[in-house]
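Undergrad: My structure is in my_file.tsv, and what it holds is TSV, C-alpha atoms and all ligand atoms:
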```
chain	number	residue	atom	x	y	z
A	1	MET	CA	88.85	72.05	105.59
A	2	LYS	CA	91.27	69.22	106.31
A	3	ASN	CA	92.91	69.20	109.72
A	4	LYS	CA	95.93	67.26	108.58
A	5	LEU	CA	98.17	68.60	105.84
A	6	LEU	CA	101.16	66.77	104.53
A	7	ILE	CA	104.28	67.88	102.81
A	8	ASN	CA	105.34	64.58	101.45
A	9	ASN	CA	107.38	64.67	98.30
A	10	LYS	CA	110.73	63.00	97.59
A	11	LYS	CA	112.79	65.33	99.75
A	12	LEU	CA	110.28	66.80	102.17
A	13	LYS	CA	108.32	65.12	104.90
A	14	THR	CA	106.34	67.17	107.40
A	15	THR	CA	102.90	66.71	108.91
A	16	ILE	CA	100.93	69.81	109.80
A	17	LEU	CA	98.07	69.22	112.20
A	18	ILE	CA	95.38	71.83	112.84
A	19	LYS	CA	93.63	70.85	116.06
A	20	LYS	CA	92.17	72.70	119.06
A	21	ASN	CA	93.14	71.95	122.70
A	22	HIS	CA	95.57	69.29	121.60
A	23	ILE	CA	98.97	70.44	122.91
A	24	CYS	CA	99.23	68.19	125.99
A	25	LYS	CA	98.21	65.08	124.11
A	26	PHE	CA	100.58	65.90	121.24
A	27	ILE	CA	103.58	66.24	123.57
A	28	ILE	CA	102.74	63.18	125.65
A	29	ASN	CA	102.49	61.12	122.45
A	30	ILE	CA	105.96	62.26	121.43
A	31	SER	CA	107.34	61.50	124.88
A	32	LYS	CA	106.00	57.94	124.68
A	33	LYS	CA	107.88	57.32	121.45
A	34	ASN	CA	111.21	58.92	122.38
A	35	GLU	CA	113.87	58.49	125.04
A	36	LYS	CA	114.34	62.12	125.92
A	37	VAL	CA	112.26	65.15	125.02
A	38	TYR	CA	113.41	68.74	125.35
A	39	CYS	CA	110.56	71.27	125.34
A	40	VAL	CA	111.79	74.77	124.71
A	41	VAL	CA	108.99	77.12	125.75
A	42	ASP	CA	108.44	80.87	125.36
A	43	SER	CA	108.08	82.04	128.97
A	44	LYS	CA	105.10	84.31	128.13
A	45	ILE	CA	102.89	81.42	127.05
A	46	LYS	CA	100.17	80.26	129.37
A	47	ILE	CA	99.52	76.58	128.71
A	48	ASP	CA	98.54	73.56	130.72
A	49	LEU	CA	101.85	71.98	131.70
A	50	ASN	CA	100.39	68.60	132.56
A	51	PHE	CA	102.80	66.97	130.14
A	52	ALA	CA	105.71	68.14	132.31
A	53	LYS	CA	104.95	65.25	134.70
A	54	GLN	CA	106.44	62.82	132.19
A	55	LYS	CA	109.88	61.85	133.51
A	56	ASN	CA	111.62	62.02	130.14
A	57	ILE	CA	110.53	65.61	129.42
A	58	LYS	CA	112.82	68.50	130.27
A	59	ILE	CA	111.42	72.01	129.97
A	60	ILE	CA	113.60	74.98	129.08
A	61	TYR	CA	111.99	78.42	129.31
A	62	ILE	CA	113.25	81.26	127.15
A	63	GLN	CA	112.23	84.93	127.19
A	64	CYS	CA	111.58	85.39	123.51
A	65	GLY	CA	111.78	88.18	120.99
A	66	GLU	CA	114.11	89.11	118.15
A	67	LYS	CA	116.97	89.42	120.68
A	68	ILE	CA	117.23	85.62	120.97
A	69	LYS	CA	118.02	85.20	117.26
A	70	THR	CA	121.70	85.92	117.85
A	71	PHE	CA	124.99	84.03	118.23
A	72	ASP	CA	124.52	84.33	122.01
A	73	GLY	CA	120.97	82.99	121.82
A	74	TYR	CA	122.24	80.06	119.77
A	75	LYS	CA	125.12	79.35	122.14
A	76	ASN	CA	122.92	79.50	125.26
A	77	LEU	CA	120.40	77.00	123.99
A	78	ALA	CA	122.89	74.68	122.29
A	79	GLU	CA	125.11	74.53	125.37
A	80	LYS	CA	122.14	73.94	127.68
A	81	LEU	CA	121.23	70.89	125.61
A	82	ILE	CA	124.77	69.59	125.43
A	83	LYS	CA	125.35	70.05	129.18
A	84	SER	CA	122.24	68.04	129.93
A	85	ASN	CA	123.56	65.14	127.83
A	86	VAL	CA	121.40	65.47	124.78
A	87	ASN	CA	121.92	62.50	122.44
A	88	ARG	CA	121.00	61.49	118.89
A	89	LYS	CA	117.78	59.92	120.12
A	90	SER	CA	116.66	63.09	121.88
A	91	VAL	CA	113.97	65.23	120.27
A	92	LEU	CA	113.38	68.95	120.48
A	93	ILE	CA	109.94	70.57	120.67
A	94	ALA	CA	109.69	74.34	120.35
A	95	ILE	CA	106.56	76.01	121.75
A	96	GLY	CA	106.71	79.66	120.86
A	97	GLY	CA	106.51	82.31	118.19
A	98	GLY	CA	108.63	82.80	115.10
A	99	THR	CA	111.70	83.92	117.00
A	100	LEU	CA	111.81	80.78	119.12
A	101	GLY	CA	110.94	78.57	116.13
A	102	ASP	CA	113.73	80.12	114.06
A	103	LEU	CA	116.30	79.77	116.84
A	104	ALA	CA	115.24	76.29	117.95
A	105	GLY	CA	115.09	75.04	114.36
A	106	PHE	CA	118.65	76.20	113.78
A	107	VAL	CA	119.79	74.58	117.04
A	108	ALA	CA	117.93	71.35	116.20
A	109	SER	CA	119.51	71.20	112.75
A	110	THR	CA	123.06	71.66	114.00
A	111	VAL	CA	123.43	70.17	117.50
A	112	LEU	CA	124.80	66.63	117.05
A	113	ARG	CA	124.28	67.29	113.33
A	114	GLY	CA	120.54	67.15	113.67
A	115	LEU	CA	117.90	66.35	116.29
A	116	GLU	CA	114.34	65.39	115.45
A	117	PHE	CA	112.33	68.59	115.67
A	118	PHE	CA	108.67	69.43	116.40
A	119	LEU	CA	107.01	72.84	116.35
A	120	ILE	CA	104.03	74.20	118.25
A	121	PRO	CA	103.74	77.78	116.99
A	122	SER	CA	102.19	80.10	119.59
A	123	THR	CA	101.67	83.34	117.64
A	124	LEU	CA	99.37	83.91	114.70
A	125	LEU	CA	102.42	84.88	112.64
A	126	SER	CA	104.20	81.63	113.37
A	127	GLN	CA	101.04	79.57	112.74
A	128	VAL	CA	100.45	81.02	109.28
A	129	ASP	CA	104.01	81.50	108.19
A	130	SER	CA	107.24	80.85	110.05
A	131	SER	CA	106.43	77.32	111.25
A	132	ILE	CA	105.78	76.23	107.67
A	133	GLY	CA	108.56	75.49	105.23
A	134	GLY	CA	111.61	74.62	107.30
A	135	LYS	CA	113.56	77.87	107.18
A	136	ASN	CA	115.31	78.85	110.41
A	137	GLY	CA	118.05	81.21	111.41
A	138	ILE	CA	119.61	83.97	113.42
A	139	ASN	CA	120.47	87.59	112.65
A	140	THR	CA	123.84	89.31	112.44
A	141	ILE	CA	124.62	93.01	112.76
A	142	SER	CA	124.58	93.16	108.98
A	143	GLY	CA	121.01	91.99	108.66
A	144	LYS	CA	118.22	89.52	109.32
A	145	ASN	CA	118.31	85.73	109.00
A	146	LEU	CA	121.77	85.78	107.43
A	147	ILE	CA	122.77	82.53	109.14
A	148	GLY	CA	120.56	79.48	109.15
A	149	THR	CA	119.58	76.23	107.49
A	150	PHE	CA	116.64	74.55	105.80
A	151	TYR	CA	115.46	71.89	108.21
A	152	GLN	CA	111.94	70.51	108.17
A	153	PRO	CA	110.21	69.78	111.49
A	154	LYS	CA	108.77	66.28	111.68
A	155	LYS	CA	105.39	67.64	112.78
A	156	VAL	CA	103.83	71.05	113.31
A	157	LEU	CA	100.79	71.43	115.57
A	158	ILE	CA	98.61	74.48	114.94
A	159	ASP	CA	96.35	74.91	117.97
A	160	ILE	CA	94.46	78.22	118.00
A	161	SER	CA	93.64	77.90	121.71
A	162	ILE	CA	97.23	78.99	122.43
A	163	LEU	CA	96.48	82.39	120.85
A	164	ASN	CA	94.10	83.48	123.63
A	165	SER	CA	96.88	85.13	125.62
A	166	LEU	CA	98.44	86.83	122.61
A	167	PRO	CA	98.32	90.68	122.65
A	168	LYS	CA	96.23	92.37	119.92
A	169	LYS	CA	99.36	93.96	118.45
A	170	GLU	CA	100.78	90.47	117.82
A	171	ILE	CA	97.49	89.22	116.30
A	172	ARG	CA	97.69	92.14	113.87
A	173	SER	CA	101.33	91.30	113.16
A	174	GLY	CA	100.34	87.76	112.12
A	175	TYR	CA	97.45	89.11	110.09
A	176	ALA	CA	99.97	91.01	107.97
A	177	GLU	CA	101.48	87.72	106.75
A	178	ILE	CA	97.97	86.38	106.01
A	179	VAL	CA	97.24	89.42	103.84
A	180	LYS	CA	100.63	88.94	102.17
A	181	HIS	CA	99.64	85.42	101.13
A	182	ALA	CA	96.39	86.74	99.65
A	183	LEU	CA	98.12	89.61	97.84
A	184	ILE	CA	100.70	87.43	96.13
A	185	LYS	CA	98.49	84.49	95.17
A	186	ASP	CA	94.77	84.63	95.78
A	187	TYR	CA	92.44	87.50	94.84
A	188	LYS	CA	89.34	85.70	96.16
A	189	PHE	CA	91.05	85.17	99.51
A	190	PHE	CA	91.82	88.91	99.65
A	191	CYS	CA	88.11	89.70	99.04
A	192	TRP	CA	87.16	87.21	101.74
A	193	LEU	CA	89.60	88.92	104.11
A	194	GLU	CA	88.02	92.31	103.32
A	195	GLU	CA	84.73	90.82	104.53
A	196	ASN	CA	86.07	88.94	107.52
A	197	ALA	CA	89.12	90.79	108.86
A	198	ASN	CA	87.30	92.26	111.86
A	199	LYS	CA	86.03	88.90	113.03
A	200	LEU	CA	89.45	87.38	112.45
A	201	LEU	CA	91.23	90.07	114.47
A	202	ASN	CA	88.74	89.41	117.29
A	203	LEU	CA	89.70	85.73	117.21
A	204	ASN	CA	86.44	84.33	115.85
A	205	LYS	CA	87.39	80.64	115.88
A	206	SER	CA	86.00	79.41	112.57
A	207	ILE	CA	87.13	82.50	110.63
A	208	LEU	CA	90.57	82.27	112.21
A	209	GLU	CA	90.99	78.58	111.39
A	210	LYS	CA	89.86	79.12	107.82
A	211	ALA	CA	92.33	82.00	107.35
A	212	ILE	CA	95.17	79.99	108.87
A	213	TYR	CA	94.35	77.03	106.65
A	214	LYS	CA	94.17	79.15	103.47
A	215	SER	CA	97.44	80.85	104.39
A	216	ILE	CA	99.24	77.56	104.97
A	217	ILE	CA	97.98	76.19	101.65
A	218	ILE	CA	99.43	79.21	99.83
A	219	LYS	CA	102.75	78.96	101.65
A	220	LEU	CA	102.91	75.21	100.95
A	221	PHE	CA	102.34	75.85	97.25
A	222	TYR	CA	105.69	77.67	97.10
A	223	VAL	CA	107.53	75.44	99.57
A	224	LYS	CA	106.60	72.28	97.68
A	225	LYS	CA	107.64	73.76	94.35
A	226	ASP	CA	110.82	75.40	95.55
A	227	GLU	CA	111.97	74.41	99.04
A	228	LYS	CA	115.40	76.02	98.77
A	229	GLU	CA	114.45	79.02	96.67
A	230	PHE	CA	116.26	77.90	93.52
A	231	LEU	CA	113.54	78.73	90.98
A	232	SER	CA	113.66	81.95	89.03
A	233	ASP	CA	110.05	82.28	87.95
A	234	ASN	CA	106.70	83.24	89.46
A	235	ASN	CA	106.51	79.91	91.34
A	236	SER	CA	109.68	80.72	93.26
A	237	ARG	CA	109.59	80.71	97.03
A	238	ALA	CA	110.97	84.22	96.67
A	239	MET	CA	107.43	85.44	96.01
A	240	LEU	CA	106.82	85.05	99.76
A	241	ASN	CA	109.32	87.87	100.24
A	242	PHE	CA	106.84	90.48	99.04
A	243	GLY	CA	107.11	93.35	101.54
A	244	HIS	CA	110.21	91.85	103.12
A	245	THR	CA	112.99	93.63	101.22
A	246	ILE	CA	111.84	96.91	102.74
A	247	GLY	CA	110.47	95.25	105.90
A	248	HIS	CA	113.75	93.58	106.86
A	249	ALA	CA	115.69	96.80	106.25
A	250	LEU	CA	113.30	98.68	108.54
A	251	GLU	CA	113.62	96.09	111.29
A	252	SER	CA	117.38	96.20	111.17
A	253	GLN	CA	117.50	100.01	110.88
A	254	TYR	CA	115.66	100.19	114.22
A	255	ASN	CA	117.71	97.39	115.71
A	256	TYR	CA	114.59	95.18	115.91
A	257	ASN	CA	113.03	97.20	118.71
A	258	LYS	CA	110.58	99.60	117.06
A	259	PHE	CA	108.37	97.34	114.98
A	260	THR	CA	107.10	93.78	115.25
A	261	HIS	CA	108.01	91.71	112.17
A	262	GLY	CA	104.41	92.04	110.92
A	263	GLU	CA	104.41	95.83	111.37
A	264	ALA	CA	107.68	96.17	109.44
A	265	ILE	CA	106.45	94.03	106.56
A	266	SER	CA	103.10	95.89	106.51
A	267	ILE	CA	105.02	99.08	105.77
A	268	GLY	CA	107.17	97.01	103.40
A	269	MET	CA	104.14	95.67	101.48
A	270	ILE	CA	102.58	99.11	101.03
A	271	THR	CA	105.93	100.57	99.94
A	272	GLU	CA	106.59	97.70	97.54
A	273	ALA	CA	103.01	97.97	96.22
A	274	LYS	CA	103.75	101.66	95.56
A	275	ILE	CA	106.97	100.64	93.79
A	276	SER	CA	104.94	98.16	91.70
A	277	ASN	CA	102.56	100.97	90.85
A	278	TYR	CA	105.39	103.40	90.10
A	279	LEU	CA	106.85	100.89	87.65
A	280	GLY	CA	103.49	100.64	85.89
A	281	MET	CA	102.80	97.10	87.07
A	282	LEU	CA	100.03	97.62	89.64
A	283	SER	CA	96.97	99.76	88.91
A	284	PHE	CA	96.04	102.77	91.06
A	285	ASP	CA	92.69	101.08	91.81
A	286	ASP	CA	94.38	97.99	93.24
A	287	LEU	CA	96.88	100.10	95.18
A	288	GLU	CA	94.04	102.15	96.71
A	289	LYS	CA	92.12	98.98	97.58
A	290	ILE	CA	95.15	97.55	99.40
A	291	ILE	CA	95.86	100.77	101.30
A	292	LYS	CA	92.18	101.03	102.30
A	293	HIS	CA	92.22	97.51	103.70
A	294	PHE	CA	95.44	98.11	105.63
A	295	LYS	CA	94.01	101.31	107.14
A	296	LYS	CA	90.75	99.56	108.08
A	297	CYS	CA	92.71	96.81	109.88
A	298	LYS	CA	95.07	99.32	111.50
A	299	LEU	CA	98.10	97.83	109.79
A	300	LYS	CA	101.02	100.24	109.54
A	301	ILE	CA	101.64	101.79	106.15
A	302	TYR	CA	104.46	104.32	106.49
A	303	ASP	CA	107.53	105.31	108.48
A	304	ASN	CA	109.74	108.39	108.11
A	305	VAL	CA	112.89	106.30	107.80
A	306	LEU	CA	111.77	105.22	104.30
A	307	LYS	CA	113.19	108.53	103.07
A	308	ASP	CA	116.45	108.16	105.01
A	309	LYS	CA	119.37	107.48	102.65
A	310	LYS	CA	120.89	105.01	105.12
A	311	LEU	CA	118.03	102.64	104.38
A	312	ILE	CA	119.42	102.04	100.90
A	313	ASN	CA	122.61	100.59	102.35
A	314	ARG	CA	120.52	98.25	104.46
A	315	LEU	CA	118.58	97.19	101.38
A	316	ILE	CA	121.80	96.35	99.57
A	317	LYS	CA	122.78	93.98	102.39
A	318	ASP	CA	119.65	91.89	101.93
A	319	LYS	CA	120.75	88.35	101.02
A	320	LYS	CA	118.84	88.48	97.74
A	321	ASN	CA	121.06	91.23	96.31
A	322	PHE	CA	124.40	91.62	94.65
A	323	GLN	CA	126.45	94.58	93.40
A	324	ASN	CA	124.34	97.74	93.27
A	325	ASN	CA	121.06	96.09	92.39
A	326	ILE	CA	118.20	95.49	94.80
A	327	ASN	CA	115.80	92.63	94.17
A	328	PHE	CA	112.11	93.01	94.92
A	329	SER	CA	109.29	90.48	94.61
A	330	LEU	CA	106.47	92.74	93.46
A	331	ILE	CA	102.78	92.37	92.57
A	332	ASP	CA	101.13	93.21	89.25
A	333	LYS	CA	97.60	92.92	90.61
A	334	ILE	CA	95.94	91.76	93.80
A	335	GLY	CA	96.54	88.02	93.94
A	336	SER	CA	99.43	87.89	91.49
A	337	SER	CA	103.15	88.37	92.07
A	338	ILE	CA	106.19	88.83	89.85
A	339	PHE	CA	109.57	87.19	90.29
A	340	TYR	CA	112.38	89.50	91.35
A	341	LYS	CA	112.54	92.83	89.71
A	342	LYS	CA	116.11	94.05	89.76
A	343	LEU	CA	116.32	97.74	90.49
A	344	ASP	CA	119.39	99.90	90.58
A	345	LYS	CA	120.19	101.44	93.98
A	346	LYS	CA	119.86	104.99	92.60
A	347	LYS	CA	116.48	104.25	91.09
A	348	VAL	CA	115.19	102.77	94.37
A	349	ASN	CA	116.38	105.85	96.20
A	350	TYR	CA	114.62	108.07	93.68
A	351	ILE	CA	111.38	106.09	94.00
A	352	LEU	CA	111.51	106.13	97.81
A	353	GLN	CA	111.96	109.92	97.77
A	354	ASN	CA	108.96	110.29	95.47
A	355	ILE	CA	106.27	107.96	96.77
A	401	LIG	N1	111.32	80.90	109.24
A	401	LIG	C1	110.43	81.52	108.48
A	401	LIG	O1	110.03	81.04	107.41
A	401	LIG	C2	109.87	82.83	108.95
A	401	LIG	C3	108.74	83.38	108.31
A	401	LIG	C4	108.20	84.55	108.82
A	401	LIG	C5	108.76	85.14	109.95
A	401	LIG	N2	109.86	84.59	110.53
A	401	LIG	C6	110.46	85.17	111.73
A	401	LIG	O2	109.52	85.10	112.79
A	401	LIG	C7	109.85	86.10	113.75
A	401	LIG	C8	108.61	86.80	114.23
A	401	LIG	O3	107.78	85.85	114.85
A	401	LIG	P1	106.68	86.29	115.92
A	401	LIG	O4	105.92	87.44	115.39
A	401	LIG	O5	105.95	85.07	116.32
A	401	LIG	O6	107.56	86.91	117.09
A	401	LIG	P2	107.95	86.43	118.57
A	401	LIG	O7	108.39	85.05	118.61
A	401	LIG	O8	108.89	87.47	119.06
A	401	LIG	O9	106.58	86.57	119.37
A	401	LIG	C9	106.01	87.84	119.55
A	401	LIG	C10	105.77	88.16	121.05
A	401	LIG	O10	104.70	87.37	121.53
A	401	LIG	C11	105.10	86.63	122.70
A	401	LIG	N3	104.30	85.40	122.68
A	401	LIG	C12	104.49	84.30	121.89
A	401	LIG	N4	103.47	83.44	122.03
A	401	LIG	C13	102.63	83.99	122.94
A	401	LIG	C14	101.36	83.61	123.48
A	401	LIG	N5	100.74	82.49	123.08
A	401	LIG	N6	100.79	84.42	124.39
A	401	LIG	C15	101.37	85.59	124.76
A	401	LIG	N7	102.53	86.03	124.27
A	401	LIG	C16	103.15	85.25	123.36
A	401	LIG	C17	106.59	86.48	122.56
A	401	LIG	O11	107.21	86.28	123.80
A	401	LIG	C18	106.98	87.82	121.94
A	401	LIG	O12	107.04	88.80	122.95
A	401	LIG	C19	110.84	87.05	113.06
A	401	LIG	O13	112.11	86.84	113.58
A	401	LIG	C20	110.77	86.63	111.61
A	401	LIG	O14	111.98	86.85	110.93
A	401	LIG	C21	110.42	83.44	110.07
A	402	ZN	ZN	107.70	87.49	107.24
```
Turn this file's structure into structure tokens for me.
Ligand SMILES: NC(=O)c1ccc[n+]([C@@H]2O[C@H](COP(=O)([O-])OP(=O)(O)OC[C@H]3O[C@@H](n4cnc5c(N)ncnc54)[C@H](O)[C@@H]3O)[C@@H](O)[C@H]2O)c1
Ligand SMILES: [Zn+2]
TA:
Amino acid sequence: MKNKLLINNKKLKTTILIKKNHICKFIINISKKNEKVYCVVDSKIKIDLNFAKQKNIKIIYIQCGEKIKTFDGYKNLAEKLIKSNVNRKSVLIAIGGGTLGDLAGFVASTVLRGLEFFLIPSTLLSQVDSSIGGKNGINTISGKNLIGTFYQPKKVLIDISILNSLPKKEIRSGYAEIVKHALIKDYKFFCWLEENANKLLNLNKSILEKAIYKSIIIKLFYVKKDEKEFLSDNNSRAMLNFGHTIGHALESQYNYNKFTHGEAISIGMITEAKISNYLGMLSFDDLEKIIKHFKKCKLKIYDNVLKDKKLINRLIKDKKNFQNNINFSLIDKIGSSIFYKKLDKKKVNYILQNI
């Protein structure tokens, strides 16, 4: 396993470092090379703040969660930076989960038309997924991530020691995105997860690092091929949306306060796997295998709101859709995904009532 991964093609340049107990050193190195460093930190994280002694580092704490991915959240952070005289040579480091990374990335890409940006993801979900690939954004009342940019961080540091304080529920939430990567792209990885999920969920270091590494490699496969989601084939970045059409609608239906992102997409993956099966694409055996694994790992698989007709209107608002069609990235077997399947709103409603 390499501990340094590079996205380095014509348009994209990001270094992803996987290294234990490295946060302080990483930040101090950045502070030596830059005039002014803003560290935006999730206030729940417990880390050694030795780096804060550096005179050119300013720390901004934020209480994180989906509620910060809003116009207000954007305004608060952007104005804080501007009031403290941020300039084009300033850099922004975000130390937090996916919500902080998404907000800070959007702020970094827009304040002064772009500040250099570094990410230290602090949840399993952000280490395996949201810190990779340069998507950022905020939500609107109409749905999730509807405003945002593509903006690659200069470096991402994945340090599993930061996960020690993370609640079990959040570890499971991140695990859902790991399973997603296996389901869309890598059958062998799924089998390995069946063997090792328990150890992983109990933060066994070597198992955890291997799963994070494998997950990042799968995500990078799509990001390198299709950074801005332009492709319309099975290499499209859209494949990473498996489970998310339903998952995002669930999150927004409950105003982002019932499920973690991983819980919502767990229900989304099982529902979309059932849709794949209903359409004759995924076998019953594979569907059963997936459900069994989810149950074993205590990932959520169902919610009553799936049968609520209001959910359909949420699904239509997903940014992948137009007119009365809903686009799903589905799977045709474990480890293989299919580019958007366009389904008519009425058909989706019928399927949801019957699965
Ligand atoms: N940009 C992308 O490509 C992408 C991909 C996947 C998900 N996402 C987004 O990521 C978000 C979800 O990210 P998340 O699950 O990391 O949520 P999060 O940022 O809300 O973190 C989950 C909870 O854990 C707390 N926390 C964070 N680090 C901690 C630590 N080390 N110890 C203790 N507590 C800690 C947070 O304060 C929060 O309460 C969603 O908004 C989702 O849309 C983005
Ligand atoms: Zn996700």
Undergrad: For each of A:Leu287, A:Ile265, A:Ile275, A:Ile312, take the minimum atom-to-atom distance to ligand ZN 402 (chain A), counting all atoms listed in the file, then give the residue where this is smallest.
TA: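 Looking at the shortest contact to ligand ZN 402 (chain A), the residue is A:Ile265.
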Undergrad: Nearest residue to Gly73 (chain A) out of A:Thr245, A:Thr99, A:Ser276, A:Ser161, using all atoms listed in the file?
TA: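 Smallest distance to Gly73 (chain A) is found for A:Thr99.
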Undergrad: Please, what distance in Å, to one decimal, runs between CA of Ser252 (chain A) and CA of Asn349 (chain A)?
TA: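 Atom-to-atom, CA of Ser252 (chain A) to CA of Asn349 (chain A), that is 17.8 Å.
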Undergrad: Within 9 Å of Leu115 (chain A), counting only C-alpha atoms, which residues qualify if same-chain residues fewer than 4 places away don't, as a ChimeraX atom specification?
TA: /A:87-92,107-111
Undergrad: Write out, as a Markdown table, each residue of chain A that has an atom at most 10 Å from ligand ZN 402 (chain A), together with the closest pair of atoms and their distance in Å to one decimal, counting all atoms listed in the file, rows going by chain and rising number.
TA:
```
| residue | atom | partner | partner_atom | distance |
| --- | --- | --- | --- | --- |
| A:Gly98 | CA | A:ZN402 | ZN | 9.2 |
| A:Leu125 | CA | A:ZN402 | ZN | 8.0 |
| A:Ser126 | CA | A:ZN402 | ZN | 9.2 |
| A:Val128 | CA | A:ZN402 | ZN | 9.9 |
| A:Asp129 | CA | A:ZN402 | ZN | 7.1 |
| A:Ser130 | CA | A:ZN402 | ZN | 7.2 |
| A:Ser173 | CA | A:ZN402 | ZN | 9.5 |
| A:Gly174 | CA | A:ZN402 | ZN | 8.8 |
| A:Ala176 | CA | A:ZN402 | ZN | 8.5 |
| A:Glu177 | CA | A:ZN402 | ZN | 6.2 |
| A:Ile178 | CA | A:ZN402 | ZN | 9.9 |
| A:Lys180 | CA | A:ZN402 | ZN | 8.8 |
| A:Leu240 | CA | A:ZN402 | ZN | 7.9 |
| A:Asn241 | CA | A:ZN402 | ZN | 7.2 |
| A:Phe242 | CA | A:ZN402 | ZN | 8.8 |
| A:Gly243 | CA | A:ZN402 | ZN | 8.2 |
| A:His244 | CA | A:ZN402 | ZN | 6.5 |
| A:Gly247 | CA | A:ZN402 | ZN | 8.3 |
| A:His248 | CA | A:ZN402 | ZN | 8.6 |
| A:His261 | CA | A:ZN402 | ZN | 6.5 |
| A:Gly262 | CA | A:ZN402 | ZN | 6.7 |
| A:Glu263 | CA | A:ZN402 | ZN | 9.9 |
| A:Ala264 | CA | A:ZN402 | ZN | 9.0 |
| A:Ile265 | CA | A:ZN402 | ZN | 6.7 |
| A:Ser266 | CA | A:ZN402 | ZN | 9.6 |
```
Undergrad: Choose the residue, out of A:Ile212, A:Ile30, A:Leu220, A:Cys191, that has the smallest atom-to-atom separation from Gly335 (chain A); count all atoms listed in the file.
TA: A:Cys191
Undergrad: Neighbours of Ser336 (chain A) within 7 Å (only C-alpha atoms; same-chain residues fewer than 5 positions away dropped), as a PyMOL selection string?
TA: chain A and resi 183-185+331
Undergrad: Ile68 (chain A): which residues within 8 Å, counting all atoms listed in the file, same-chain residues fewer than 6 positions away excluded, as an MDAnalysis selection string?
TA: chainID A and resid 74 99:100 103
Undergrad: Which residues of chain A have any atom within 7 Å of an atom in ligand LIG 401 (chain A) when counting only C-alpha atoms and all ligand atoms, and what is the closest pair of atoms for each, with the distance in Å to one decimal? Order the rows by chain and rising number and write it as a tab-separated table.
TA:
```
residue	atom	partner	partner_atom	distance
A:Asp42	CA	A:LIG401	O11	5.8
A:Ser43	CA	A:LIG401	O11	6.7
A:Lys44	CA	A:LIG401	N7	4.9
A:Ile45	CA	A:LIG401	C14	4.5
A:Lys46	CA	A:LIG401	N6	6.5
A:Gln63	CA	A:LIG401	O11	6.2
A:Cys64	CA	A:LIG401	O11	4.5
A:Gly65	CA	A:LIG401	O8	3.5
A:Glu66	CA	A:LIG401	O13	5.5
A:Gly96	CA	A:LIG401	N4	5.1
A:Gly97	CA	A:LIG401	O7	3.3
A:Gly98	CA	A:LIG401	O3	3.2
A:Thr99	CA	A:LIG401	O7	3.9
A:Leu100	CA	A:LIG401	O7	5.5
A:Asp102	CA	A:LIG401	N1	5.4
A:Ser122	CA	A:LIG401	N4	4.3
A:Thr123	CA	A:LIG401	N4	4.7
A:Leu124	CA	A:LIG401	O5	6.9
A:Leu125	CA	A:LIG401	O5	5.1
A:Ser126	CA	A:LIG401	O5	4.9
A:Asp129	CA	A:LIG401	C3	5.1
A:Ser130	CA	A:LIG401	C3	3.4
A:Ser131	CA	A:LIG401	N1	6.4
A:Ile132	CA	A:LIG401	O1	6.4
A:Gly133	CA	A:LIG401	O1	6.1
A:Gly134	CA	A:LIG401	N1	6.6
A:Lys135	CA	A:LIG401	N1	4.3
A:Asn136	CA	A:LIG401	N1	4.6
A:Lys144	CA	A:LIG401	O14	7.0
A:Asn145	CA	A:LIG401	O14	6.7
A:Ile162	CA	A:LIG401	N5	5.0
A:Leu163	CA	A:LIG401	N5	4.8
A:Asn164	CA	A:LIG401	N5	6.7
A:Ser165	CA	A:LIG401	N6	4.2
A:Leu166	CA	A:LIG401	N6	3.8
A:Pro167	CA	A:LIG401	C15	6.3
A:Glu170	CA	A:LIG401	C9	6.1
A:Ser173	CA	A:LIG401	O4	6.4
A:Gly174	CA	A:LIG401	O4	6.5
A:Thr260	CA	A:LIG401	O4	6.5
A:His261	CA	A:LIG401	C8	5.4
A:Gly262	CA	A:LIG401	O4	6.6
```
Undergrad: For Leu146 (chain A), which residue out of A:Lys2, A:Lys210, A:Lys341, A:Lys320 is the nearest one, using all atoms listed in the file?
TA: A:Lys320
Undergrad: For a quick check of understanding, using only C-alpha atoms, which of A:Leu306, A:Ile217, A:Leu112, A:Ile171 has the smallest distance to Asn3 (chain A)?
TA: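 That would be A:Ile217, the residue with the smallest distance to Asn3 (chain A).
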Undergrad: Tell me which of A:Ala249, A:Thr15, A:Lys20, A:Ile338 sits closest to Ser206 (chain A), counting all atoms listed in the file.
TA: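 Looking only at the distances to Ser206 (chain A), the closest residue turns out to be A:Lys20.
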Undergrad: Residues near region 281-284 of chain A, anyone? I mean within 9 Å using all atoms listed in the file, not counting same-chain ones fewer than 5 positions away, as a ChimeraX atom specification.
TA: /A:273-276,289,330-334
Undergrad: Quote the spacing between CA of Lys300 (chain A) and CA of Ser142 (chain A) in Å to one decimal place.
TA: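 About the pair CA of Lys300 (chain A) and CA of Ser142 (chain A): they are 24.6 Å apart.
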Undergrad: Separation of CA of Phe26 (chain A) and CA of Phe51 (chain A), in Å?
TA: 9.2 Å
